[in-house]
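Down below is the structure, laid out as structure tokens.
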Amino acid sequence: MSNKDVKMFYKQSMAFFNKGEYEKSLELLDMVLNIDKKFIPAWNSKGIAYLETGEYPQALNSFEQVIQLDAGDNLAWYNKGYVLMLMEEFTEAVKVFDFFLARYPKKDDFYKFALYMQAKSYYGLKKYENALESVQKAIEMDVKFNEAIKLRNLVKASMDKKG
């Protein structure tokens with residue numbers, strides 16, 4: 001099989017992915033990776049498909065494969081942090097978001113959402129002051145960021161209860 005086959009199978013997998021047919025997409029992505037284990041877009045797409053199906057350990061593994069192949073892939077780090085947060089692996093999620101935020105420019109929504117998810121992870125650890133600091137930075141980037149505003153209110157209420 002050739003590089004041409006990789007591209008053809010990958011394109012087909014994305015067509016199924018875009019229709020919400022994640023299992024068929026995953027089958028084709030496996031075919032791609034059987035031909036070329038280092039094809040980063042397939043690993044990344046596989047991780048996102050697993051996210052969509054709620055298969056978080058498999059998603060995490062896929063994003064870790066991307067990072068292993070290209071440690072500079074910022075979105076793979078972002079996705080890894082997101083999956084860890086969903087898996088309630090909050091300590092690891094905070095570390096990954098720290099790493100992501102230290103190297104990613106503050107230019108777009110990924111930075112803002114990383115701050116928000118870092119705050120959610122701190123909240124899960126009951127580290128309310130850290131959560132408040134992160135969520136406040138996210139709100140400063142977007143004063144209409146409703147999810148972050150709700151989280152800030154929740155954090156403040158938890159801090160008040162804690163005394």
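A note on labels: chains of the structure tokens are A, B, ... as shown, every chain counts residues from 1, and ligands are counted from 1 in their shown order.
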
Original post:
Which neighbours of A:Lys156 fall inside 8 Å, counting only C-alpha atoms, when residues of the same chain fewer than 3 positions from it are skipped, and could you give them as a PyMOL selection string?
Top reply: chain A and resi 128+132+152-153+159-160

**OP:** May I have all residues of stretch 16-141 of chain A that DSSP, computed from the backbone, assigns to alpha helix (DSSP H), given as a ChimeraX atom specification?
**Re:** /A:16-18,22-35,40-52,56-69,74-86,90-103,109-124,128-141

Original post:
If we count only C-alpha atoms, what is near A:Ile149 at a cut-off of 12 Å, once residues fewer than 2 positions away on the same chain are taken out, given as a VMD selection string?
Top reply: chain A and resid 116 119 to 120 132 134 to 147 151 to 156

Within 8 Å of stretch 39-45 of chain A, counting only C-alpha atoms, which residues qualify if same-chain residues fewer than 2 places away don't, as an mmCIF file with N, CA and C atoms, in the first residue's frame?
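Wrote around00.cif, looks like this:
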data_model
loop_
_atom_site.group_PDB
_atom_site.id
_atom_site.type_symbol
_atom_site.label_atom_id
_atom_site.label_comp_id
_atom_site.auth_asym_id
_atom_site.auth_seq_id
_atom_site.Cartn_x
_atom_site.Cartn_y
_atom_site.Cartn_z
ATOM 1 N N TYR A 10 -7.747 8.076 4.560
ATOM 2 C CA TYR A 10 -7.936 9.173 5.515
ATOM 3 C C TYR A 10 -9.099 10.068 5.073
ATOM 4 N N LEU A 29 -9.462 4.819 9.906
ATOM 5 C CA LEU A 29 -8.262 5.394 10.520
ATOM 6 C C LEU A 29 -7.292 4.291 10.923
ATOM 7 N N VAL A 32 -5.463 3.333 7.872
ATOM 8 C CA VAL A 32 -4.421 4.330 7.597
ATOM 9 C C VAL A 32 -3.193 4.043 8.455
ATOM 10 N N LEU A 33 -3.426 3.823 9.745
ATOM 11 C CA LEU A 33 -2.308 3.644 10.675
ATOM 12 C C LEU A 33 -1.615 2.297 10.493
ATOM 13 N N ASP A 36 0.711 3.484 7.724
ATOM 14 C CA ASP A 36 1.674 4.500 8.168
ATOM 15 C C ASP A 36 1.398 4.868 9.624
ATOM 16 N N LYS A 37 2.130 4.224 10.539
ATOM 17 C CA LYS A 37 1.931 4.439 11.984
ATOM 18 C C LYS A 37 2.283 5.863 12.425
ATOM 19 N N GLY A 47 -8.327 10.273 18.002
ATOM 20 C CA GLY A 47 -8.577 10.786 19.347
ATOM 21 C C GLY A 47 -9.885 11.552 19.426
ATOM 22 N N ILE A 48 -10.146 12.372 18.435
ATOM 23 C CA ILE A 48 -11.385 13.162 18.429
ATOM 24 C C ILE A 48 -12.598 12.251 18.249
ATOM 25 N N ALA A 49 -12.476 11.233 17.395
ATOM 26 C CA ALA A 49 -13.588 10.284 17.215
ATOM 27 C C ALA A 49 -13.874 9.551 18.526
ATOM 28 N N SER A 62 -4.620 8.049 21.869
ATOM 29 C CA SER A 62 -4.410 8.613 20.530
ATOM 30 C C SER A 62 -3.681 9.949 20.596
ATOM 31 N N PHE A 63 -4.085 10.816 21.522
ATOM 32 C CA PHE A 63 -3.414 12.114 21.642
ATOM 33 C C PHE A 63 -1.980 11.945 22.140
ATOM 34 N N GLN A 65 -0.112 9.458 21.346
ATOM 35 C CA GLN A 65 0.630 9.038 20.151
ATOM 36 C C GLN A 65 1.045 10.256 19.326
ATOM 37 N N VAL A 66 0.142 11.223 19.192
ATOM 38 C CA VAL A 66 0.476 12.454 18.460
ATOM 39 C C VAL A 66 1.653 13.140 19.140
ATOM 40 N N LEU A 69 4.932 11.494 18.546
ATOM 41 C CA LEU A 69 5.434 11.744 17.190
ATOM 42 C C LEU A 69 5.847 13.198 16.974
ATOM 43 N N ALA A 76 -2.579 18.798 20.384
ATOM 44 C CA ALA A 76 -2.574 17.468 21.001
ATOM 45 C C ALA A 76 -2.450 17.599 22.519
#

**OP:** Write out as a list in words each polymer residue whose atoms come within 10 Å of A:Asp98, counting only C-alpha atoms; drop sequence neighbours fewer than 4 positions from it.
**Re:** Gly81, Glu92, Ala93, Val94, Ala102, Arg103, Ala114, Leu115 and Gln118 of chain A

Subject >> Separation of atom CA of A:Lys95 from atom CA of A:Leu75 in Å >> reply: 15.1 Å

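For the choices A:Glu55, A:Lys38, A:Lys4, A:Lys80, the atom-to-atom distance to A:Leu26 is smallest for A:Glu55 when using only C-alpha atoms.
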
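Reported to one decimal place, the separation of atom CA of A:Ile35 from atom CA of A:Asn3 is 8.2 Å.
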
Subject >> Neighbour list for A:Tyr56 as a list in words, cut-off 7 Å, only C-alpha atoms, skip fewer than 3 positions in-chain >> reply: Tyr50, Leu51, Ala59, Leu60, Val83 and Met87 of chain A

Subject >> Atom pair atom CA of A:Tyr122 / atom CA of A:Phe90: separation (Å) >> reply: 6.9 Å

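Distances here use only C-alpha atoms; by that measure, the residue among A:Ala131, A:Glu21, A:Lys112, A:Phe9 closest to A:Glu52 is A:Glu21.
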